[in-house]
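Colleague: My structure file run00.txt, compact mmCIF, C-alpha atoms, is below:
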```
# COMPACT_ATOMS: atom_id res chain seq x y z
CA MET A 1 133.72 -11.05 48.11
CA ARG A 2 133.68 -10.79 51.91
CA PRO A 3 135.28 -14.23 52.55
CA LEU A 4 137.93 -13.51 49.91
CA VAL A 5 138.93 -10.24 51.60
CA ASP A 6 138.56 -11.52 55.16
CA ALA A 7 140.99 -14.36 54.50
CA ALA A 8 143.78 -12.02 53.32
CA SER A 9 146.36 -10.81 55.81
CA THR A 10 148.28 -9.17 52.95
CA VAL A 11 146.98 -7.51 49.78
CA LEU A 12 149.20 -7.30 46.71
CA PHE A 13 148.22 -4.61 44.20
CA ASP A 14 149.11 -4.46 40.58
CA PHE A 15 149.90 -0.80 39.95
CA ASP A 16 148.60 0.42 36.60
CA GLY A 17 144.87 -0.30 36.75
CA PRO A 18 143.96 -1.12 40.35
CA LEU A 19 145.71 1.94 41.79
CA CYS A 20 145.71 4.37 38.87
CA ALA A 21 145.54 4.85 35.11
CA LEU A 22 149.23 5.54 34.64
CA PHE A 23 149.12 6.75 31.04
CA HIS A 24 145.95 8.81 31.45
CA GLY A 25 147.78 11.97 30.35
CA ARG A 26 150.40 10.25 28.20
CA PRO A 27 148.75 7.60 25.99
CA ALA A 28 150.30 4.13 26.12
CA PRO A 29 150.13 3.63 22.31
CA GLN A 30 152.51 6.59 21.88
CA VAL A 31 154.89 5.02 24.38
CA ALA A 32 154.69 1.71 22.51
CA GLU A 33 155.49 3.45 19.23
CA ARG A 34 158.55 5.11 20.78
CA LEU A 35 159.85 1.73 21.96
CA ARG A 36 159.22 0.12 18.58
CA THR A 37 161.05 2.98 16.82
CA LEU A 38 164.02 2.59 19.16
CA ALA A 39 164.15 -1.14 18.48
CA ASP A 40 163.80 -0.75 14.71
CA GLY A 41 166.68 1.72 14.61
CA PHE A 42 169.00 -0.25 16.89
CA ASP A 43 172.08 -1.82 15.29
CA GLU A 44 172.61 -5.33 16.65
CA GLY A 45 175.79 -5.95 14.69
CA GLY A 46 174.21 -7.48 11.63
CA GLN A 47 172.39 -10.19 13.55
CA SER A 48 169.00 -11.17 12.19
CA LYS A 49 166.25 -9.51 14.16
CA ARG A 50 162.83 -10.97 14.82
CA PRO A 51 160.23 -8.21 14.45
CA LEU A 52 158.60 -6.94 17.60
CA PRO A 53 154.80 -7.25 17.80
CA ASP A 54 152.51 -4.60 16.39
CA THR A 55 150.85 -3.72 19.68
CA ARG A 56 149.64 -0.68 21.59
CA ASP A 57 151.02 -2.16 24.84
CA PRO A 58 154.61 -1.04 25.62
CA TYR A 59 155.04 -3.87 28.13
CA VAL A 60 154.35 -6.47 25.46
CA ILE A 61 157.08 -4.89 23.35
CA LEU A 62 159.61 -5.01 26.19
CA ALA A 63 158.68 -8.57 27.10
CA SER A 64 158.91 -9.63 23.46
CA ALA A 65 162.41 -8.15 23.17
CA VAL A 66 163.46 -10.23 26.16
CA ASP A 67 161.67 -13.41 25.11
CA THR A 68 162.99 -13.36 21.54
CA GLY A 69 166.60 -13.03 22.64
CA ARG A 70 167.27 -9.50 21.44
CA SER A 71 170.58 -8.11 22.67
CA ARG A 72 171.13 -7.02 26.27
CA GLU A 73 172.03 -3.55 24.97
CA LEU A 74 168.65 -3.23 23.27
CA THR A 75 166.58 -4.53 26.17
CA THR A 76 168.43 -2.17 28.52
CA LEU A 77 167.73 0.74 26.15
CA LEU A 78 164.02 -0.16 25.95
CA GLU A 79 163.69 -0.57 29.71
CA LYS A 80 165.33 2.80 30.33
CA ALA A 81 163.08 4.51 27.79
CA LEU A 82 159.98 2.92 29.31
CA THR A 83 161.04 3.98 32.81
CA GLU A 84 161.47 7.56 31.60
CA GLU A 85 157.98 7.49 30.08
CA GLU A 86 156.45 6.04 33.24
CA CYS A 87 158.13 8.58 35.52
CA GLU A 88 156.94 11.45 33.33
CA ALA A 89 153.43 10.00 33.28
CA ALA A 90 153.22 9.35 37.04
CA PRO A 91 152.32 12.93 38.14
CA LEU A 92 149.56 12.98 35.52
CA ALA A 93 148.15 9.56 36.36
CA TYR A 94 144.45 9.34 37.15
CA PRO A 95 143.65 7.68 40.50
CA THR A 96 141.41 4.66 40.28
CA PRO A 97 138.13 5.51 42.06
CA TYR A 98 138.11 4.32 45.69
CA ALA A 99 141.72 3.08 45.48
CA ASP A 100 143.13 5.52 48.03
CA ARG A 101 140.30 4.85 50.50
CA LEU A 102 140.71 1.11 50.03
CA VAL A 103 144.45 1.31 50.66
CA HIS A 104 144.03 3.30 53.86
CA THR A 105 141.16 1.12 55.07
CA LEU A 106 143.11 -2.07 54.47
CA ARG A 107 146.03 -0.64 56.40
CA ALA A 108 143.76 0.52 59.22
CA THR A 109 142.34 -3.00 59.55
CA GLY A 110 145.81 -4.48 60.00
CA ARG A 111 146.57 -5.78 56.53
CA ARG A 112 150.05 -5.63 55.08
CA LEU A 113 150.22 -4.04 51.61
CA ALA A 114 152.58 -4.40 48.69
CA VAL A 115 152.81 -3.55 45.01
CA ALA A 116 153.70 -6.35 42.58
CA SER A 117 153.98 -4.77 39.15
CA ASN A 118 155.56 -4.80 35.72
CA ASN A 119 156.15 -1.07 36.18
CA SER A 120 159.34 0.57 37.33
CA PRO A 121 159.45 0.98 41.14
CA SER A 122 160.64 4.58 40.69
CA ALA A 123 157.45 5.43 38.76
CA VAL A 124 155.28 3.67 41.34
CA GLU A 125 156.96 5.58 44.18
CA ARG A 126 156.60 8.88 42.33
CA TYR A 127 152.87 8.34 41.88
CA LEU A 128 152.27 7.17 45.44
CA ARG A 129 153.92 10.32 46.76
CA THR A 130 151.29 12.38 44.93
CA ARG A 131 148.58 10.45 46.79
CA ALA A 132 150.30 10.45 50.20
CA THR A 133 150.21 6.64 50.21
CA ASP A 134 153.95 6.08 49.73
CA GLU A 135 154.50 5.34 53.43
CA VAL A 136 151.78 2.68 53.36
CA PHE A 137 153.77 0.70 50.79
CA ALA A 138 157.28 1.67 51.95
CA GLY A 139 159.71 -1.22 51.50
CA HIS A 140 157.15 -3.31 49.65
CA ILE A 141 157.17 -1.99 46.07
CA HIS A 142 158.29 -4.71 43.70
CA GLY A 143 158.56 -4.03 39.97
CA ARG A 144 160.94 -4.52 37.12
CA THR A 145 164.52 -3.25 37.13
CA PRO A 146 167.16 -3.14 34.37
CA ASP A 147 168.75 -6.24 35.94
CA GLU A 148 165.48 -8.10 36.49
CA LEU A 149 163.24 -8.05 33.43
CA ARG A 150 161.06 -10.92 34.58
CA LEU A 151 157.62 -9.55 33.78
CA LYS A 152 154.27 -11.07 34.70
CA PRO A 153 152.96 -13.66 33.98
CA ASP A 154 156.33 -14.67 35.47
CA PRO A 155 155.45 -14.60 39.21
CA TYR A 156 158.83 -13.19 40.27
CA CYS A 157 157.53 -9.82 41.54
CA LEU A 158 154.81 -11.61 43.53
CA GLU A 159 157.41 -13.91 45.06
CA ARG A 160 159.37 -10.86 46.20
CA ALA A 161 156.24 -9.21 47.59
CA LEU A 162 155.33 -12.32 49.57
CA ALA A 163 158.87 -12.57 50.91
CA SER A 164 159.07 -8.89 51.91
CA THR A 165 155.77 -9.13 53.81
CA ALA A 166 156.52 -12.60 55.25
CA THR A 167 153.23 -13.90 53.83
CA ALA A 168 152.27 -17.39 52.73
CA PRO A 169 150.59 -17.45 49.30
CA ALA A 170 147.27 -18.66 50.68
CA ASP A 171 147.16 -15.75 53.15
CA ALA A 172 147.50 -13.09 50.45
CA LEU A 173 145.15 -11.56 47.89
CA MET A 174 146.31 -10.24 44.53
CA ILE A 175 144.27 -7.44 42.91
CA GLY A 176 145.08 -7.11 39.22
CA ASP A 177 143.47 -6.03 35.98
CA ALA A 178 145.07 -8.29 33.38
CA ALA A 179 145.29 -11.98 32.54
CA ARG A 180 149.04 -11.85 33.22
CA ASP A 181 148.27 -10.80 36.81
CA PHE A 182 145.92 -13.74 37.27
CA GLU A 183 148.39 -16.18 35.73
CA ALA A 184 151.20 -15.00 38.01
CA ALA A 185 148.97 -15.32 41.09
CA ARG A 186 147.74 -18.76 40.03
CA ALA A 187 151.31 -19.98 39.58
CA LEU A 188 151.98 -19.32 43.27
CA GLY A 189 148.58 -20.26 44.66
CA VAL A 190 147.69 -16.66 45.59
CA PRO A 191 143.93 -15.91 45.62
CA PHE A 192 143.02 -13.36 42.96
CA LEU A 193 140.52 -10.55 42.53
CA GLY A 194 140.19 -9.03 39.08
CA TYR A 195 139.50 -5.33 38.61
CA ALA A 196 138.07 -4.54 35.18
CA SER A 197 137.24 -0.97 34.20
CA THR A 198 135.73 -2.11 30.88
CA GLU A 199 133.68 -5.04 29.64
CA GLY A 200 136.57 -6.06 27.40
CA LYS A 201 138.95 -6.35 30.35
CA ALA A 202 136.38 -8.28 32.32
CA ALA A 203 135.91 -10.73 29.44
CA ARG A 204 139.67 -11.26 29.10
CA LEU A 205 140.06 -11.85 32.83
CA ARG A 206 137.24 -14.37 32.92
CA ALA A 207 138.58 -16.09 29.79
CA SER A 208 141.93 -16.52 31.56
CA GLY A 209 140.17 -18.31 34.42
CA ALA A 210 139.64 -15.50 36.95
CA GLU A 211 136.56 -16.33 39.02
CA HIS A 212 136.15 -13.08 40.97
CA VAL A 213 135.98 -9.89 38.88
CA VAL A 214 134.62 -6.45 39.85
CA ASP A 215 134.13 -3.32 37.75
CA SER A 216 134.66 -0.99 40.72
CA LEU A 217 136.68 -1.04 43.94
CA ALA A 218 133.61 0.22 45.84
CA PRO A 219 132.34 -3.30 46.72
CA VAL A 220 135.86 -4.26 47.79
CA LEU A 221 135.92 -1.27 50.13
CA ARG A 222 132.53 -2.27 51.53
CA ALA A 223 133.78 -5.82 52.06
CA VAL A 224 136.65 -4.47 54.15
CA ASP A 225 134.49 -1.93 55.96
CA PRO A 226 130.73 -2.59 55.77
CA ALA A 227 130.12 0.87 57.24
CA ALA A 228 131.94 2.63 54.40
CA ARG A 229 129.75 5.09 52.52
CA VAL A 230 130.38 4.78 48.78
```
What does the file become when written as structure tokens?

Modeller:
Amino acid sequence: MRPLVDAASTVLFDFDGPLCALFHGRPAPQVAERLRTLADGFDEGGQSKRPLPDTRDPYVILASAVDTGRSRELTTLLEKALTEEECEAAPLAYPTPYADRLVHTLRATGRRLAVASNNSPSAVERYLRTRATDEVFAGHIHGRTPDELRLKPDPYCLERALASTATAPADALMIGDAARDFEAARALGVPFLGYASTEGKAARLRASGAEHVVDSLAPVLRAVDPAARV
């Protein structure tokens, strides 16, 4: 853990998971159902429609709409609806334990910080304002937009984060909680640390190839600051 953190001049955070539980007060399965209902009721001019997956993950639904070639009008509608849900959920999001302290400690020790996420930047910014950490990440929040629906495991948001912080891949560390985070980091050669709040998430991360996985950010905080009391 210590060598992994010591080698990083920049830390890239996934948002939902390592920094907070975004849909803590607004369950993600309900959001997924809203997106699926929108897609099912959308008229694509008589074109045959491939069914969207039966999943509780709204991001899988949006990605599937893009990957299966559904119309631009539909993908724009789904992205807008998901952004609305995220922005409404942001003030109710539950902070990941030790995340705020880790962010401030990393900044205090000279690291550059960025967010590389499948979430909407507007939702990320709204949440960070509630934690008074928005200035720490100012100018370095990279997520999806209506014009750029390249979601992880596509490494596009990581590429933008590396560019905005002027960081070489080997000098960064990505902290994420899903296999798609690990796959995006691996594609660019960015070292990866998995955060898994459940045994199931840990198993999926390790199955994807992630070597370093923690179930709490406390040991990460101690690796940055051995004197930290946690």

Colleague: Find, counting all atoms listed in the file, the residue in A:Ala39, A:Leu102, A:Ala196, A:Leu22 that gets nearest to Ser71 of chain A.

Modeller: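 Ranked by minimum distance to Ser71 of chain A, first place goes to A:Ala39.
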
Colleague: Which neighbours of Ala138 of chain A fall inside 10 Å, counting all atoms listed in the file, when residues of the same chain fewer than 3 positions from it are skipped, and could you give them as number ranges by chain?

Modeller: A: 113-115, 125, 128, 133-135, 141

Colleague: Looking at only C-alpha atoms, which of A:Thr75, A:Ser197, A:Thr167, A:Ser117 is the one that sits closest to Asp154 of chain A?

Modeller: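 Going through A:Thr75, A:Ser197, A:Thr167, A:Ser117 one by one, the smallest distance to Asp154 of chain A is for A:Ser117.
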
Colleague: So the first atom is atom CA of Ala161 of chain A and the second is atom CA of Ala207 of chain A; what is the distance between them in Å, to one decimal place?

Modeller: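 That distance, rounded to one decimal, is 26.0 Å.
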
Colleague: For Ala163 of chain A, which of A:Ala223, A:Leu193, A:Ala116, A:Leu205 is the closest residue, counting all atoms listed in the file?

Modeller: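 For Ala163 of chain A, the nearest of the candidates is A:Ala116.
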
Colleague: Rank A:Arg131, A:Leu12, A:Gly139, A:Arg204 by their smallest atom-to-atom distance to Ser164 of chain A, using all atoms listed in the file, and report the top residue only.

Modeller: A:Gly139

Colleague: Restricting the calculation to all atoms listed in the file, which member of A:Ile175, A:Ala63, A:Leu19, A:Ala32 is positioned closest to Leu158 of chain A?

Modeller: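 Looking only at the distances to Leu158 of chain A, the closest residue turns out to be A:Ile175.
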
Colleague: Could you please determine the separation between atom CA of Asp100 of chain A and atom CA of Ser208 of chain A in Å, to one decimal place?

Modeller: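 Result for atom CA of Asp100 of chain A versus atom CA of Ser208 of chain A: 27.5 Å, one decimal.
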
Colleague: Which protein, DNA or RNA residues are at most 12 Å from (137.2, -8.4, 29.3) in the file's coordinates when you count all atoms listed in the file, listed as JSON, numbers by chain?

Modeller: {"A": [177, 178, 179, 194, 195, 196, 197, 198, 199, 200, 201, 202, 203, 204, 205, 206, 207, 208, 209, 210, 213, 214, 215]}
